[in-house]
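Beneath this line is the structure, given in structure tokens, with notes to follow.
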Amino acid sequence: MLVVMGAHATEEHVRAVCQKIEASGLRAHPIPGAQRTAIGITGNQGIVEIGLDEMPGVAEVIRVSKPYKLVSRDLKEDNTVVRFPGTGAAFGGAELAIIAGPCAIESREQALTIAERVRRAGAQFFRGGAYKPRTSPYSFQGLGEEGLRILAEVRERFGLLIVTEAIDNESLELVEEYADVVQIGARNMQNFSLLKRAGRSRRPVLLKRGMSATLEEFLMAAEYVMSEGNYSVILCERGVRTFADHTRNTLDLSVVPAVHRLSHLPVIVDPSHGTGKRNKVTPLSRAAVAVGADGLIVEVHHDPDRALSDGMQSLYPDQFDELMSEIRQIAAVVRREVPAPAVVAPATAR
């Protein structure tokens, strides 16, 4: 169910409604909007009348028919913008969020070298896996906490916000300590215990679409996170498995406007995993911006031929510079902005 508060409802009115919902054994999720506050109700297995209609400040009580309640635009009409206090970076605002970095953190030198280049090009977020769920048990699995410490140094030196993956509840505890955004990867999109734990995190969650997930399944995974109280969720399209063999996955850019129609959450695109081929990353990045994505997450490596993970889909730094230049022109057409290049001292000089 959804409680729509009136335009002149006070904080006391909202608090009183939430208290009545909680007293009835249900859970209240107040989500402020630009014009109104809506309160989602979860835990209601049937039509439970708890007398909210006549409470001060309540404009309307609506039964939400969609299986995803908190994710839906029925709850919140205006777009969610995930912000980071003390910075100008955000997901869902007028400026596109640009995340760049290697697939995996391999060494301190590697991370600092790449961070310098992507920050100079205008990226606000640095990606890099400290924990790597790999198809083969013999592939590089990441540096663990050592990798997280390197990421923390990247943030300190270059002012980049850190996005890195948690693969289970244990690693999520550590990722929370070091990262600014917790990534839930495609393989874990329906790991419901991990989603619930991420929902209790104090960090925003970047949720990647599963390899064969439908749009509804994708949104329901986000609902798991939000139902635990974490409303800072960013969705990420990273390609799905199809019969196509000319790319690693099939990047489903049609899901971007579909998400925007159904949900208030921001959605970004991962053209690196979506294609698996370096020469397709820039064209699909251009297309993602044109179709309305709220940002990109791109793999960049200074020496991709020697990368321990996903070198074939990683851009060279010069290619990332070109990508940023091209999407700035496209962003202007769709009334969005791309972060300007930054002046950064070389990592070796620090």
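Following the order of the structure tokens, first chain is A, next is B, and so on, with residues numbered from 1 inside each chain and ligands from 1 in the order they appear.
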
All helix (DSSP H, G or I) residues (DSSP, backbone) inside region 157-346 of chain A, as an MDAnalysis selection string:
chainID A and resid 157:158 169:178 186:188 192:199 215:227 255:262 271:275 278:291 304:306 311:313 317:333

Looking only at the backbone, which of the residues in region 122-259 of chain A does DSSP tag as strand (DSSP E), as a list of chain:residue names?
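Residues meeting the strand (DSSP E) criterion: A:Phe125, A:Phe126, A:Arg127, A:Leu161, A:Ile162, A:Val163, A:Thr164, A:Glu165, A:Val181, A:Val182, A:Gln183, A:Ile184, A:Val205, A:Leu206, A:Leu207, A:Lys208, A:Val233, A:Ile234, A:Leu235, A:Cys236, A:Glu237.
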
Write out the residues from the selection above, keeping C-alpha atoms, as a short mmCIF file (atom, residue, chain, number, x, y, z; two decimals), in the first residue's frame.
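Output contents, as saved in result_25.cif:
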data_model
loop_
_atom_site.label_atom_id
_atom_site.label_comp_id
_atom_site.auth_asym_id
_atom_site.auth_seq_id
_atom_site.Cartn_x
_atom_site.Cartn_y
_atom_site.Cartn_z
CA PHE A 125 34.17 7.43 -9.49
CA PHE A 126 36.88 4.77 -9.58
CA ARG A 127 35.96 1.13 -10.05
CA LEU A 161 34.73 8.02 -4.99
CA ILE A 162 35.20 4.26 -4.81
CA VAL A 163 32.88 1.64 -6.32
CA THR A 164 33.77 -1.98 -5.60
CA GLU A 165 32.00 -5.32 -5.39
CA VAL A 181 29.35 2.55 -3.25
CA VAL A 182 28.79 -1.19 -2.71
CA GLN A 183 28.44 -3.08 -5.98
CA ILE A 184 26.32 -6.23 -6.19
CA VAL A 205 24.20 0.09 -3.65
CA LEU A 206 25.02 -0.37 -7.34
CA LEU A 207 22.96 -3.36 -8.46
CA LYS A 208 23.90 -5.06 -11.72
CA VAL A 233 20.03 2.16 -5.11
CA ILE A 234 21.54 2.55 -8.57
CA LEU A 235 20.61 0.04 -11.29
CA CYS A 236 23.14 -1.10 -13.88
CA GLU A 237 22.48 -2.72 -17.25
#

Counting only C-alpha atoms, figure out which residue out of A:Ile327, A:Val175, A:Val61, A:Ile50 gets nearest to Ala38 (chain A).
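Once distances to Ala38 (chain A) are computed over only C-alpha atoms, the minimum belongs to A:Val61.
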
Residue with smallest distance to Ile105 (chain A) - pool A:Gly142, A:Gly86, A:Pro56, A:Pro133, counting only C-alpha atoms:
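Using only C-alpha atoms, the shortest distance to Ile105 (chain A) belongs to A:Gly142.
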
Point-to-point distance from CA of Ser24 (chain A) to CA of Val225 (chain A), Å rounded to tenths
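That distance, rounded to one decimal, is 22.5 Å.
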
Can you tell me which residues surround Gly274 (chain A) at a distance of at most 7 Å, considering only C-alpha atoms, apart from same-chain residues fewer than 4 positions away, and format the answer as a list in words?
Arg238, Gly239, Arg248, Asn249, Thr250, Leu251 and Asp270 of chain A

Selection: 7 Å around Arg278 (chain A), only C-alpha atoms, excl. self and same-chain fewer than 3 positions, as a list in words:
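With the cut-off at 7 Å, the set is Val281, Met312, Gln313, Ser314 and Leu315 of chain A.
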
Env of Ala186 (chain A): 7 Å cut, atoms = only C-alpha atoms, seq-sep filter 3 positions within chain, self excluded. Answer as a PDB file with N, CA, C and O atoms, in the first residue's frame.
ATOM      1  N   MET A 189      22.740 -11.042  -8.300  1.00  0.00           N
ATOM      2  CA  MET A 189      21.520 -10.239  -8.354  1.00  0.00           C
ATOM      3  C   MET A 189      20.360 -10.901  -7.619  1.00  0.00           C
ATOM      4  O   MET A 189      19.482 -10.213  -7.076  1.00  0.00           O
ATOM      5  N   LYS A 208      23.792  -4.677 -10.309  1.00  0.00           N
ATOM      6  CA  LYS A 208      23.898  -5.064 -11.716  1.00  0.00           C
ATOM      7  C   LYS A 208      22.817  -6.091 -12.081  1.00  0.00           C
ATOM      8  O   LYS A 208      22.473  -6.966 -11.284  1.00  0.00           O
ATOM      9  N   ARG A 209      22.323  -5.968 -13.285  1.00  0.00           N
ATOM     10  CA  ARG A 209      21.309  -6.893 -13.797  1.00  0.00           C
ATOM     11  C   ARG A 209      21.911  -8.279 -13.989  1.00  0.00           C
ATOM     12  O   ARG A 209      23.030  -8.419 -14.487  1.00  0.00           O
ATOM     13  N   GLY A 210      21.173  -9.308 -13.607  1.00  0.00           N
ATOM     14  CA  GLY A 210      21.627 -10.676 -13.787  1.00  0.00           C
ATOM     15  C   GLY A 210      21.733 -11.054 -15.255  1.00  0.00           C
ATOM     16  O   GLY A 210      21.132 -10.434 -16.132  1.00  0.00           O
ATOM     17  N   MET A 211      22.493 -12.109 -15.519  1.00  0.00           N
ATOM     18  CA  MET A 211      22.815 -12.478 -16.901  1.00  0.00           C
ATOM     19  C   MET A 211      21.596 -12.860 -17.736  1.00  0.00           C
ATOM     20  O   MET A 211      21.623 -12.766 -18.961  1.00  0.00           O
TER      21      MET A 211
END

Region 9-22 of chain A surroundings by only C-alpha atoms, 12 Å radius, close-in-sequence under 3 positions cut, as a PyMOL selection string:
chain A and resi 1-6+25-32+35-44+48-59+61

Nearby residues (only C-alpha atoms) at most 10 Å from Gly147 (chain A), same-chain spacing under 5 positions excluded, as JSON, numbers by chain:
{"A": [104, 105, 106, 107, 108, 111, 128, 129, 130, 131, 142, 152, 153, 164, 178]}

Residue with smallest distance to Glu60 (chain A) - pool A:Ala90, A:Ala221, A:Ala7, A:Ala121, counting only C-alpha atoms
A:Ala7

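Of the listed residues A:His260, A:Lys76, A:Lys132, A:Arg200, the one whose atoms come nearest to Asn188 (chain A) is A:Lys132, with distances taken using only C-alpha atoms.
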
Measuring between only C-alpha atoms, which one of A:Leu219, A:Pro341, A:Val240, A:Phe158 shows the shortest distance to Arg187 (chain A)?
A:Val240

Nearest to Gly159 (chain A) by atom-to-atom distance, counting only C-alpha atoms, from A:Thr87, A:Ser227, A:Gln110, A:Ser139
A:Thr87
